[in-house]
>>> print(open('run_10.pdb').read())   # PDB, C-alpha atoms
ATOM      1  CA  MET H 293     170.433  93.778 -86.083
ATOM      2  CA  CYS H 294     167.005  95.259 -86.340
ATOM      3  CA  SER H 295     166.874  97.962 -83.714
ATOM      4  CA  THR H 296     164.736 100.213 -85.906
ATOM      5  CA  CYS H 297     161.699  97.992 -85.912
ATOM      6  CA  GLY H 298     162.339  97.049 -82.307
ATOM      7  CA  CYS H 299     162.054  93.332 -82.837
ATOM      8  CA  SER H 300     165.474  92.667 -81.416
ATOM      9  CA  THR H 301     168.539  94.317 -80.069
ATOM     10  CA  HIS H 302     170.306  90.983 -79.943
ATOM     11  CA  GLY H 303     172.099  91.068 -83.221
ATOM     12  CA  GLN H 304     173.532  94.562 -83.057
ATOM     13  CA  GLY H 305     176.725  93.056 -81.728
ATOM     14  CA  THR H 306     179.867  94.951 -81.045
ATOM     15  CA  GLN H 307     181.854  97.412 -83.090
ATOM     16  CA  ILE H 308     185.570  97.491 -82.527
ATOM     17  CA  GLN H 309     188.227  99.642 -84.117
ATOM     18  CA  PHE H 310     191.876  98.762 -84.643
ATOM     19  CA  PHE H 311     194.753 100.794 -85.949
ATOM     20  CA  VAL H 312     196.864  98.500 -88.066
ATOM     21  CA  THR H 313     200.330  99.161 -89.414
ATOM     22  CA  GLY H 314     201.675  97.477 -92.512
ATOM     23  CA  TYR H 315     198.676  97.463 -94.841
ATOM     24  CA  ASP H 316     199.029  97.479 -98.579
ATOM     25  CA  ALA H 317     196.215  97.060-101.106
ATOM     26  CA  ASP H 318     196.672  93.290-101.342
ATOM     27  CA  ASN H 319     197.011  92.330 -97.700
ATOM     28  CA  ALA H 320     194.159  94.684 -96.736
ATOM     29  CA  LYS H 321     191.864  92.794 -99.111
ATOM     30  CA  ALA H 322     193.096  89.480 -97.737
ATOM     31  CA  VAL H 323     192.511  90.613 -94.145
ATOM     32  CA  GLU H 324     189.011  91.825 -94.997
ATOM     33  CA  LYS H 325     188.153  88.508 -96.625
ATOM     34  CA  GLN H 326     189.555  86.426 -93.777
ATOM     35  CA  LEU H 327     187.805  88.493 -91.102
ATOM     36  CA  LEU H 328     184.466  88.332 -92.934
ATOM     37  CA  GLY H 329     184.765  84.554 -93.038
ATOM     38  CA  LEU H 330     184.869  84.284 -89.239
ATOM     39  CA  PRO H 331     181.602  83.327 -87.532
ATOM     40  CA  GLY H 332     179.657  86.364 -86.354
ATOM     41  CA  VAL H 333     181.717  88.937 -88.268
ATOM     42  CA  LEU H 334     179.194  91.009 -90.192
ATOM     43  CA  HIS H 335     181.127  93.974 -91.508
ATOM     44  CA  VAL H 336     184.735  94.975 -91.997
ATOM     45  CA  HIS H 337     185.847  98.408 -93.158
ATOM     46  CA  ILE H 338     189.533  99.084 -93.758
ATOM     47  CA  HIS H 339     191.210 102.402 -94.501
ATOM     48  CA  THR H 340     194.412 101.181 -96.097
ATOM     49  CA  HIS H 341     196.120 104.577 -95.961
ATOM     50  CA  ASP H 342     195.937 105.076 -92.200
ATOM     51  CA  GLY H 343     195.258 101.529 -91.001
ATOM     52  CA  GLU H 344     191.877 102.285 -89.418
ATOM     53  CA  THR H 345     189.991  98.990 -89.350
ATOM     54  CA  THR H 346     186.420  98.799 -88.101
ATOM     55  CA  ILE H 347     184.795  95.450 -87.411
ATOM     56  CA  ASN H 348     181.195  94.738 -86.475
ATOM     57  CA  TYR H 349     180.893  91.309 -84.911
ATOM     58  CA  ASN H 350     179.077  89.143 -82.447
ATOM     59  CA  PRO H 351     181.467  88.396 -79.556
ATOM     60  CA  SER H 352     179.479  85.298 -78.621
ATOM     61  CA  LYS H 353     180.533  83.728 -81.925
ATOM     62  CA  THR H 354     184.090  84.989 -82.389
ATOM     63  CA  ARG H 355     186.538  86.004 -79.680
ATOM     64  CA  LEU H 356     188.589  89.152 -79.865
ATOM     65  CA  SER H 357     191.722  87.019 -79.882
ATOM     66  CA  GLU H 358     190.509  85.333 -83.075
ATOM     67  CA  LEU H 359     190.215  88.741 -84.730
ATOM     68  CA  THR H 360     193.700  89.804 -83.693
ATOM     69  CA  ALA H 361     195.095  86.446 -84.832
ATOM     70  CA  VAL H 362     194.143  87.375 -88.396
ATOM     71  CA  PHE H 363     196.378  90.459 -88.253
ATOM     72  CA  GLU H 364     199.200  88.462 -86.693
ATOM     73  CA  GLN H 365     198.990  85.778 -89.392
ATOM     74  CA  LYS H 366     199.489  88.453 -92.031
ATOM     75  CA  GLY H 367     202.449  89.951 -90.189
ATOM     76  CA  LEU H 368     200.527  93.098 -89.267
ATOM     77  CA  GLN H 369     200.518  94.949 -85.984
ATOM     78  CA  ALA H 370     197.142  95.977 -84.612
ATOM     79  CA  ALA H 371     196.360  98.267 -81.720
ATOM     80  CA  ILE H 372     192.949  99.043 -80.280
TER      81      ILE H 372
ATOM     82  CA  MET F 199     190.823  92.812 -73.622
ATOM     83  CA  GLU F 200     187.896  90.444 -74.068
ATOM     84  CA  VAL F 201     184.401  91.770 -74.697
ATOM     85  CA  SER F 202     181.873  90.409 -72.244
ATOM     86  CA  VAL F 203     178.778  88.771 -73.672
ATOM     87  CA  MET F 204     175.459  90.041 -72.405
ATOM     88  CA  GLU F 205     172.584  87.736 -71.550
ATOM     89  CA  ASP F 206     170.900  86.291 -74.604
ATOM     90  CA  ILE F 207     167.655  88.295 -74.727
ATOM     91  CA  LEU F 208     166.311  85.937 -77.344
ATOM     92  CA  GLY F 209     166.655  83.075 -74.890
ATOM     93  CA  GLY F 210     162.879  82.653 -74.684
ATOM     94  CA  ASN F 211     162.581  82.247 -78.429
ATOM     95  CA  ASP F 212     165.555  79.917 -78.558
ATOM     96  CA  LYS F 213     163.991  77.702 -75.902
ATOM     97  CA  ILE F 214     160.813  77.279 -77.948
ATOM     98  CA  ALA F 215     162.892  76.831 -81.111
ATOM     99  CA  ALA F 216     164.704  73.959 -79.393
ATOM    100  CA  GLU F 217     161.322  72.383 -78.585
ATOM    101  CA  ASN F 218     160.290  72.726 -82.233
ATOM    102  CA  ALA F 219     163.574  71.172 -83.327
ATOM    103  CA  GLN F 220     162.899  68.235 -81.023
ATOM    104  CA  ILE F 221     159.409  67.814 -82.498
ATOM    105  CA  PHE F 222     160.910  67.740 -85.997
ATOM    106  CA  LYS F 223     163.586  65.298 -84.865
ATOM    107  CA  ASN F 224     161.089  62.987 -83.171
ATOM    108  CA  ASN F 225     159.148  62.831 -86.423
ATOM    109  CA  ASN F 226     162.194  62.429 -88.681
ATOM    110  CA  ILE F 227     161.370  65.669 -90.485
ATOM    111  CA  PHE F 228     163.855  67.995 -92.140
ATOM    112  CA  ALA F 229     162.701  71.578 -91.524
ATOM    113  CA  LEU F 230     163.861  74.395 -93.780
ATOM    114  CA  ASN F 231     163.413  78.098 -93.040
ATOM    115  CA  ILE F 232     163.400  79.982 -96.334
ATOM    116  CA  ILE F 233     164.226  83.681 -96.100
ATOM    117  CA  GLY F 234     164.413  86.472 -98.655
ATOM    118  CA  SER F 235     163.105  89.895 -99.580
ATOM    119  CA  PRO F 236     159.540  90.463-100.772
ATOM    120  CA  GLY F 237     159.491  89.547-104.451
ATOM    121  CA  ALA F 238     162.671  87.458-104.368
ATOM    122  CA  GLY F 239     160.667  84.539-105.716
ATOM    123  CA  LYS F 240     160.362  82.400-102.593
ATOM    124  CA  THR F 241     156.807  81.250-103.234
ATOM    125  CA  THR F 242     157.412  80.554-106.911
ATOM    126  CA  LEU F 243     160.511  78.560-105.982
ATOM    127  CA  LEU F 244     158.377  76.584-103.536
ATOM    128  CA  GLU F 245     155.797  75.888-106.235
ATOM    129  CA  LYS F 246     158.514  74.542-108.526
ATOM    130  CA  THR F 247     159.957  72.529-105.638
ATOM    131  CA  ILE F 248     156.599  70.984-104.853
ATOM    132  CA  GLY F 249     156.139  70.094-108.521
ATOM    133  CA  LYS F 250     159.440  68.211-108.526
ATOM    134  CA  LEU F 251     159.389  66.608-105.095
ATOM    135  CA  LYS F 252     155.829  65.946-104.025
ATOM    136  CA  LYS F 253     155.859  62.411-105.436
ATOM    137  CA  SER F 254     159.104  61.436-103.723
ATOM    138  CA  LEU F 255     158.795  63.338-100.434
ATOM    139  CA  ASN F 256     155.873  63.947 -98.118
ATOM    140  CA  MET F 257     156.020  67.652 -97.535
ATOM    141  CA  ALA F 258     154.095  70.474 -95.940
ATOM    142  CA  ILE F 259     154.500  74.208 -96.169
ATOM    143  CA  ILE F 260     154.080  76.872 -93.509
ATOM    144  CA  GLU F 261     153.628  80.328 -95.013
ATOM    145  CA  GLY F 262     154.499  83.470 -93.077
ATOM    146  CA  ASP F 263     153.076  86.786 -94.187
ATOM    147  CA  LEU F 264     152.036  90.021 -92.567
ATOM    148  CA  PHE F 265     148.549  89.746 -93.984
ATOM    149  CA  THR F 266     146.438  87.677 -96.440
ATOM    150  CA  SER F 267     146.525  84.026 -97.407
ATOM    151  CA  LYS F 268     147.611  84.718-100.994
ATOM    152  CA  ASP F 269     150.773  82.583-100.759
ATOM    153  CA  ALA F 270     149.015  79.734 -98.959
ATOM    154  CA  ASP F 271     146.292  79.778-101.611
ATOM    155  CA  ARG F 272     148.940  79.371-104.313
ATOM    156  CA  ILE F 273     150.569  76.481-102.453
ATOM    157  CA  ALA F 274     147.220  74.836-101.688
ATOM    158  CA  SER F 275     146.520  74.582-105.420
ATOM    159  CA  HIS F 276     149.380  72.034-105.553
ATOM    160  CA  GLU F 277     147.459  69.794-103.191
ATOM    161  CA  ILE F 278     149.894  69.516-100.328
ATOM    162  CA  PRO F 279     149.277  70.528 -96.696
ATOM    163  CA  VAL F 280     149.793  74.239 -96.121
ATOM    164  CA  ILE F 281     149.250  76.551 -93.172
ATOM    165  CA  GLN F 282     149.257  80.326 -93.337
ATOM    166  CA  ILE F 283     150.554  82.310 -90.380
ATOM    167  CA  ASN F 284     149.643  85.991 -90.451
ATOM    168  CA  THR F 285     151.907  88.045 -88.239
ATOM    169  CA  SER F 286     149.549  91.069 -88.420
ATOM    170  CA  GLY F 287     152.402  93.407 -89.199
ATOM    171  CA  GLY F 288     155.196  91.490 -87.522
ATOM    172  CA  CYS F 289     158.361  91.435 -89.612
ATOM    173  CA  HIS F 290     159.377  87.818 -88.952
ATOM    174  CA  LEU F 291     158.127  84.465 -87.744
ATOM    175  CA  ASP F 292     159.188  83.402 -84.288
ATOM    176  CA  ALA F 293     159.377  79.954 -82.763
ATOM    177  CA  ALA F 294     156.127  80.296 -80.803
ATOM    178  CA  MET F 295     154.139  81.107 -83.947
ATOM    179  CA  VAL F 296     155.482  77.970 -85.613
ATOM    180  CA  GLN F 297     154.917  75.806 -82.537
ATOM    181  CA  LYS F 298     151.311  76.917 -82.362
ATOM    182  CA  VAL F 299     150.494  75.618 -85.841
ATOM    183  CA  LEU F 300     152.518  72.373 -85.844
ATOM    184  CA  PRO F 301     149.634  70.321 -84.327
ATOM    185  CA  GLN F 302     147.629  71.121 -87.466
ATOM    186  CA  LEU F 303     150.042  68.996 -89.529
ATOM    187  CA  ASN F 304     150.157  65.230 -89.613
ATOM    188  CA  LEU F 305     153.809  65.237 -88.624
ATOM    189  CA  ALA F 306     154.199  61.473 -88.479
ATOM    190  CA  GLU F 307     153.601  61.283 -92.223
ATOM    191  CA  LEU F 308     155.983  64.075 -93.269
ATOM    192  CA  ASP F 309     159.595  64.062 -94.485
ATOM    193  CA  LEU F 310     159.988  67.760 -95.126
ATOM    194  CA  VAL F 311     158.488  70.951 -93.719
ATOM    195  CA  ILE F 312     159.393  74.172 -95.487
ATOM    196  CA  ILE F 313     158.656  77.381 -93.635
ATOM    197  CA  GLU F 314     158.541  80.442 -95.868
ATOM    198  CA  ASN F 315     159.355  83.356 -93.606
ATOM    199  CA  VAL F 316     157.966  86.880 -93.917
ATOM    200  CA  GLY F 317     159.589  88.708 -96.859
ATOM    201  CA  ASN F 318     162.483  90.499 -95.177
ATOM    202  CA  LEU F 319     166.268  90.056 -95.372
ATOM    203  CA  VAL F 320     166.934  91.411 -91.896
ATOM    204  CA  CYS F 321     164.871  90.246 -88.920
ATOM    205  CA  PRO F 322     163.998  86.632 -89.869
ATOM    206  CA  ALA F 323     167.700  85.774 -89.878
ATOM    207  CA  GLU F 324     167.872  86.489 -86.154
ATOM    208  CA  PHE F 325     165.061  84.261 -84.982
ATOM    209  CA  ASN F 326     165.537  80.519 -84.919
ATOM    210  CA  ILE F 327     162.259  78.710 -85.308
ATOM    211  CA  GLY F 328     163.529  75.180 -84.826
ATOM    212  CA  GLU F 329     164.663  74.649 -88.394
ATOM    213  CA  ASP F 330     167.495  72.358 -89.443
ATOM    214  CA  SER F 331     168.736  74.857 -92.024
ATOM    215  CA  LYS F 332     168.055  78.275 -93.405
ATOM    216  CA  ALA F 333     167.986  79.044 -97.127
ATOM    217  CA  ALA F 334     168.615  82.607 -98.330
ATOM    218  CA  VAL F 335     166.907  83.579-101.568
ATOM    219  CA  LEU F 336     168.364  86.580-103.389
ATOM    220  CA  SER F 337     166.968  87.603-106.739
ATOM    221  CA  ILE F 338     168.964  89.236-109.506
ATOM    222  CA  THR F 339     166.748  92.314-109.430
ATOM    223  CA  GLU F 340     167.817  93.095-105.863
ATOM    224  CA  GLY F 341     171.420  93.752-106.873
ATOM    225  CA  ASP F 342     174.777  92.091-106.279
ATOM    226  CA  ASP F 343     175.575  94.411-103.357
ATOM    227  CA  LYS F 344     173.023  92.841-101.029
ATOM    228  CA  PRO F 345     175.117  90.067 -99.439
ATOM    229  CA  LEU F 346     177.526  92.565 -97.855
ATOM    230  CA  LYS F 347     174.668  94.915 -96.946
ATOM    231  CA  TYR F 348     172.612  92.164 -95.295
ATOM    232  CA  PRO F 349     175.334  89.802 -94.077
ATOM    233  CA  LEU F 350     173.610  87.944 -91.268
ATOM    234  CA  ILE F 351     171.286  85.876 -93.415
ATOM    235  CA  PHE F 352     174.176  84.756 -95.615
ATOM    236  CA  LYS F 353     176.171  83.883 -92.495
ATOM    237  CA  GLU F 354     173.297  81.835 -91.122
ATOM    238  CA  ALA F 355     172.084  80.104 -94.293
ATOM    239  CA  ALA F 356     173.284  76.669 -95.344
ATOM    240  CA  VAL F 357     172.363  77.420 -98.926
ATOM    241  CA  SER F 358     171.924  80.572-100.963
ATOM    242  CA  ILE F 359     169.647  80.606-103.987
ATOM    243  CA  LEU F 360     170.423  83.236-106.614
ATOM    244  CA  ASN F 361     167.056  83.435-108.311
ATOM    245  CA  LYS F 362     165.725  84.952-111.549
ATOM    246  CA  VAL F 363     168.986  84.363-113.418
ATOM    247  CA  ASP F 364     167.005  84.442-116.672
ATOM    248  CA  ILE F 365     166.967  88.239-116.459
ATOM    249  CA  LEU F 366     170.726  88.570-115.889
ATOM    250  CA  PRO F 367     171.322  89.906-119.443
ATOM    251  CA  PHE F 368     168.999  92.835-118.731
ATOM    252  CA  THR F 369     170.656  93.940-115.483
ATOM    253  CA  ASN F 370     174.084  94.994-114.261
ATOM    254  CA  PHE F 371     174.103  92.247-111.622
ATOM    255  CA  ASP F 372     177.675  90.944-111.276
ATOM    256  CA  MET F 373     177.302  87.235-110.535
ATOM    257  CA  ALA F 374     180.984  86.674-109.778
ATOM    258  CA  SER F 375     181.007  89.552-107.311
ATOM    259  CA  ALA F 376     177.846  88.361-105.556
ATOM    260  CA  LYS F 377     179.186  84.827-105.238
ATOM    261  CA  ASN F 378     182.544  86.070-104.001
ATOM    262  CA  ASP F 379     180.868  88.196-101.325
ATOM    263  CA  ILE F 380     178.634  85.343-100.205
ATOM    264  CA  THR F 381     181.529  82.911 -99.905
ATOM    265  CA  CYS F 382     183.603  85.550 -98.102
ATOM    266  CA  LEU F 383     180.829  85.851 -95.532
ATOM    267  CA  HIS F 384     180.248  82.123 -95.309
ATOM    268  CA  PRO F 385     183.050  79.940 -96.625
ATOM    269  CA  GLY F 386     181.628  76.620 -97.780
ATOM    270  CA  ILE F 387     178.047  77.804 -98.284
ATOM    271  CA  GLU F 388     176.180  76.095-101.109
ATOM    272  CA  ILE F 389     175.191  78.537-103.871
ATOM    273  CA  ILE F 390     172.614  77.545-106.462
ATOM    274  CA  GLU F 391     171.534  79.656-109.447
ATOM    275  CA  THR F 392     167.884  79.251-110.365
ATOM    276  CA  SER F 393     165.316  80.555-112.771
ATOM    277  CA  CYS F 394     161.805  79.512-111.895
ATOM    278  CA  GLN F 395     160.519  80.841-115.219
ATOM    279  CA  GLN F 396     162.975  78.752-117.246
ATOM    280  CA  GLU F 397     163.079  75.983-114.633
ATOM    281  CA  SER F 398     166.862  76.054-114.561
ATOM    282  CA  GLY F 399     168.711  75.091-111.394
ATOM    283  CA  ILE F 400     165.536  73.628-109.883
ATOM    284  CA  ASP F 401     166.849  70.069-110.182
ATOM    285  CA  GLU F 402     170.058  71.046-108.384
ATOM    286  CA  TRP F 403     168.078  72.789-105.654
ATOM    287  CA  CYS F 404     165.745  69.801-105.252
ATOM    288  CA  LYS F 405     168.730  67.461-105.097
ATOM    289  CA  TRP F 406     170.162  69.592-102.281
ATOM    290  CA  LEU F 407     166.843  69.310-100.432
ATOM    291  CA  GLU F 408     166.556  65.557-100.998
ATOM    292  CA  ASN F 409     170.081  65.051 -99.691
ATOM    293  CA  ALA F 410     169.315  67.202 -96.654
ATOM    294  CA  VAL F 411     166.198  65.130 -95.897
ATOM    295  CA  LYS F 412     168.105  61.855 -96.364
ATOM    296  CA  SER F 413     170.944  63.050 -94.207
ATOM    297  CA  LYS F 414     168.538  64.011 -91.404
ATOM    298  CA  GLN F 415     166.615  60.760 -91.633
ATOM    299  CA  ASN F 416     169.804  58.698 -91.578
ATOM    300  CA  GLY F 417     170.835  60.481 -88.402
TER     301      GLY F 417
END
>>> encode(input="run_10.pdb", output="structure tokens")
Amino acid sequence: MCSTCGCSTHGQGTQIQFFVTGYDADNAKAVEKQLLGLPGVLHVHIHTHDGETTINYNPSKTRLSELTAVFEQKGLQAAI
Amino acid sequence: MEVSVMEDILGGNDKIAAENAQIFKNNNIFALNIIGSPGAGKTTLLEKTIGKLKKSLNMAIIEGDLFTSKDADRIASHEIPVIQINTSGGCHLDAAMVQKVLPQLNLAELDLVIIENVGNLVCPAEFNIGEDSKAAVLSITEGDDKPLKYPLIFKEAAVSILNKVDILPFTNFDMASAKNDITCLHPGIEIIETSCQQESGIDEWCKWLENAVKSKQNG
């Protein structure tokens, strides 16, 4: 998290980007909320119009498969 | 594709934090790490907490600050044990700093140790110090956008205190939005609204603490 002050590089985590098809305003909000509720997910940014979805997370707390499961549950297709 | 996890570079800190946690456990002490920005009202909240709980719980406070003993002096005026740790510029407390001062407390007589971390919403959230729980203090003056901007502390905290609610009418702080963001980040987190000036919410906060102590002591 705090790479600027140098006290740790531990929490910077991983940033991953998906391209998701099938978003509308409602399900994008629901996906954002569900992803943010997963352990270790710190930030979610969704571009509804083109499906670009950026997630910052700690892979030691949430597996990639748990992220993709959120898209699947909403009937969305996600590609990395 | 699974992302590989690198070695935990905070392993050294976590090892000492585990030792601290064992010390607290051996002494039946609930340890709380209280985290928030400078000026969020952490020390004032502690003063109110001491006023309410010092007759029913044996407590001690560990104060973390970059410099000075101003906070410890305030706490000491309430006649409970207090230790000041000066980090000399360091932006957070780590487990070793806490371990070093624990022998100064009569642990066998304590129910509750509250550790007020250095005022900072970022770094303290990353460093376990052996606490049972973290509490995140966010004041109304900081703005309702802070939970999403500083997510880790709200992920890590068991309880979030929204402090200084008495000045809500004079700000554009959106309470519903802040609470929604916090619960998005951490479903199930306890959120308590407080005003130390008007002493509102302090009973609820103290009840949360008492229950946490009881729960720890009952195993």
>>> residues_around(input="run_10.pdb", residues="Asn326 in chain F", least_positions_apart="2", cutoff="12 Å", atoms="all atoms listed in the file", output="VMD selection string")
chain F and resid 208 to 219 229 to 233 290 to 297 313 315 321 to 324 328 to 332 351 354 to 355
>>> closest_atom_pairs(input="run_10.pdb", of="chain F", to="chain H", cutoff="6 Å", atoms="all atoms listed in the file", output="JSON lines")
{"residue": "F:Glu200", "atom": "CA", "partner": "H:Leu356", "partner_atom": "CA", "distance": 6.0}
{"residue": "F:Pro349", "atom": "CA", "partner": "H:Leu334", "partner_atom": "CA", "distance": 5.6}
{"residue": "F:Cys382", "atom": "CA", "partner": "H:Gly329", "partner_atom": "CA", "distance": 5.3}
{"residue": "F:Leu383", "atom": "CA", "partner": "H:Gly329", "partner_atom": "CA", "distance": 4.8}
{"residue": "F:His384", "atom": "CA", "partner": "H:Gly329", "partner_atom": "CA", "distance": 5.6}
>>> residues_near_point(input="run_10.pdb", point="(192.7, 93.9, -95.2)", cutoff="9 Å", atoms="all atoms listed in the file", output="short mmCIF file (atom, residue, chain, number, x, y, z; two decimals) with C-alpha atoms, in the coordinates of the input")
data_model
loop_
_atom_site.label_atom_id
_atom_site.label_comp_id
_atom_site.auth_asym_id
_atom_site.auth_seq_id
_atom_site.Cartn_x
_atom_site.Cartn_y
_atom_site.Cartn_z
CA TYR H 315 198.68 97.46 -94.84
CA ASP H 316 199.03 97.48 -98.58
CA ALA H 317 196.22 97.06 -101.11
CA ASP H 318 196.67 93.29 -101.34
CA ASN H 319 197.01 92.33 -97.70
CA ALA H 320 194.16 94.68 -96.74
CA LYS H 321 191.86 92.79 -99.11
CA ALA H 322 193.10 89.48 -97.74
CA VAL H 323 192.51 90.61 -94.14
CA GLU H 324 189.01 91.82 -95.00
CA LYS H 325 188.15 88.51 -96.62
CA GLN H 326 189.56 86.43 -93.78
CA LEU H 327 187.80 88.49 -91.10
CA VAL H 336 184.74 94.98 -92.00
CA HIS H 337 185.85 98.41 -93.16
CA ILE H 338 189.53 99.08 -93.76
CA HIS H 339 191.21 102.40 -94.50
CA THR H 340 194.41 101.18 -96.10
CA THR H 345 189.99 98.99 -89.35
CA PHE H 363 196.38 90.46 -88.25
#
>>> atom_distance(input="run_10.pdb", atom1="CA of Val299 in chain F", atom2="CA of Gly287 in chain F")
18.2 Å
>>> residues_around(input="run_10.pdb", residues="Ile273 in chain F", least_positions_apart="5", cutoff="8 Å", atoms="only C-alpha atoms", output="ChimeraX atom specification")
/F:241,244-245,259,278,280
>>> resolve_selection(input="run_10.pdb", expression="the PyMOL selection byres ((chain F and resi 366) around 12)", output="PyMOL selection string")
chain F and resi 337-342+360-365+367-373+391-393
>>> atom_distance(input="run_10.pdb", atom1="CA of Ala356 in chain F", atom2="CA of Gly386 in chain F")
8.7 Å
>>> residues_around(input="run_10.pdb", residues="range 248-254 of chain F", least_positions_apart="3", cutoff="12 Å", atoms="all atoms listed in the file", output="ChimeraX atom specification")
/F:241-245,257-259,272-280,308-312,394,397,399-408,411-412
>>> resolve_selection(input="run_10.pdb", expression="the PyMOL selection byres ((chain H and resi 312) around 6)", output="PDB file with C-alpha atoms, in the frame of the given file")
ATOM      1  CA  PHE H 311     194.753 100.794 -85.949  1.00  0.00           C
ATOM      2  CA  THR H 313     200.330  99.161 -89.414  1.00  0.00           C
ATOM      3  CA  GLY H 343     195.258 101.529 -91.001  1.00  0.00           C
ATOM      4  CA  GLN H 369     200.518  94.949 -85.984  1.00  0.00           C
ATOM      5  CA  ALA H 370     197.142  95.977 -84.612  1.00  0.00           C
TER       6      ALA H 370
END
>>> atom_distance(input="run_10.pdb", atom1="CA of Ala374 in chain F", atom2="CA of Ala238 in chain F")
19.1 Å
>>> closest_residue(input="run_10.pdb", among="F:Ile387, F:Cys289, F:Ala270, F:Ile227", to="Leu305 in chain F", atoms="only C-alpha atoms")
F:Ile227
>>> closest_residue(input="run_10.pdb", among="F:Ile390, F:Ala376, F:Ile283, F:Leu346", to="Ser358 in chain F", atoms="all atoms listed in the file")
F:Ile390
>>> closest_residue(input="run_10.pdb", among="H:Lys366, H:Glu358, H:Gln307, H:Ala371", to="Glu344 in chain H", atoms="only C-alpha atoms")
H:Ala371
>>> closest_residue(input="run_10.pdb", among="F:Phe325, F:Ile359, F:Lys353, F:Lys240", to="Pro385 in chain F", atoms="only C-alpha atoms")
F:Lys353
>>> residues_around(input="run_10.pdb", residues="Asn318 in chain F", least_positions_apart="2", cutoff="6 Å", atoms="all atoms listed in the file", output="PyMOL selection string")
chain F and resi 234-235+316+320
>>> decode(input="run_10.pdb", residues="range 327-345 of chain H", atoms="C-alpha atoms", output="PDB file, in the first residue's frame")
ATOM      1  CA  LEU H 327     -16.192  -7.612  -5.896  1.00  0.00           C
ATOM      2  CA  LEU H 328     -15.437  -4.943  -3.281  1.00  0.00           C
ATOM      3  CA  GLY H 329     -16.930  -7.199  -0.624  1.00  0.00           C
ATOM      4  CA  LEU H 330     -14.403  -9.967  -1.306  1.00  0.00           C
ATOM      5  CA  PRO H 331     -11.455 -10.180   1.095  1.00  0.00           C
ATOM      6  CA  GLY H 332      -8.410  -8.327  -0.204  1.00  0.00           C
ATOM      7  CA  VAL H 333     -10.218  -6.486  -3.009  1.00  0.00           C
ATOM      8  CA  LEU H 334      -9.313  -2.834  -2.556  1.00  0.00           C
ATOM      9  CA  HIS H 335     -10.491  -1.111  -5.702  1.00  0.00           C
ATOM     10  CA  VAL H 336     -12.780  -1.849  -8.614  1.00  0.00           C
ATOM     11  CA  HIS H 337     -13.179   0.415 -11.628  1.00  0.00           C
ATOM     12  CA  ILE H 338     -15.701  -0.472 -14.321  1.00  0.00           C
ATOM     13  CA  HIS H 339     -16.198   1.185 -17.695  1.00  0.00           C
ATOM     14  CA  THR H 340     -19.737   0.092 -18.453  1.00  0.00           C
ATOM     15  CA  HIS H 341     -19.609   1.187 -22.092  1.00  0.00           C
ATOM     16  CA  ASP H 342     -16.677  -0.978 -23.161  1.00  0.00           C
ATOM     17  CA  GLY H 343     -16.560  -3.532 -20.343  1.00  0.00           C
ATOM     18  CA  GLU H 344     -13.069  -2.618 -19.123  1.00  0.00           C
ATOM     19  CA  THR H 345     -12.909  -3.711 -15.489  1.00  0.00           C
TER      20      THR H 345
END
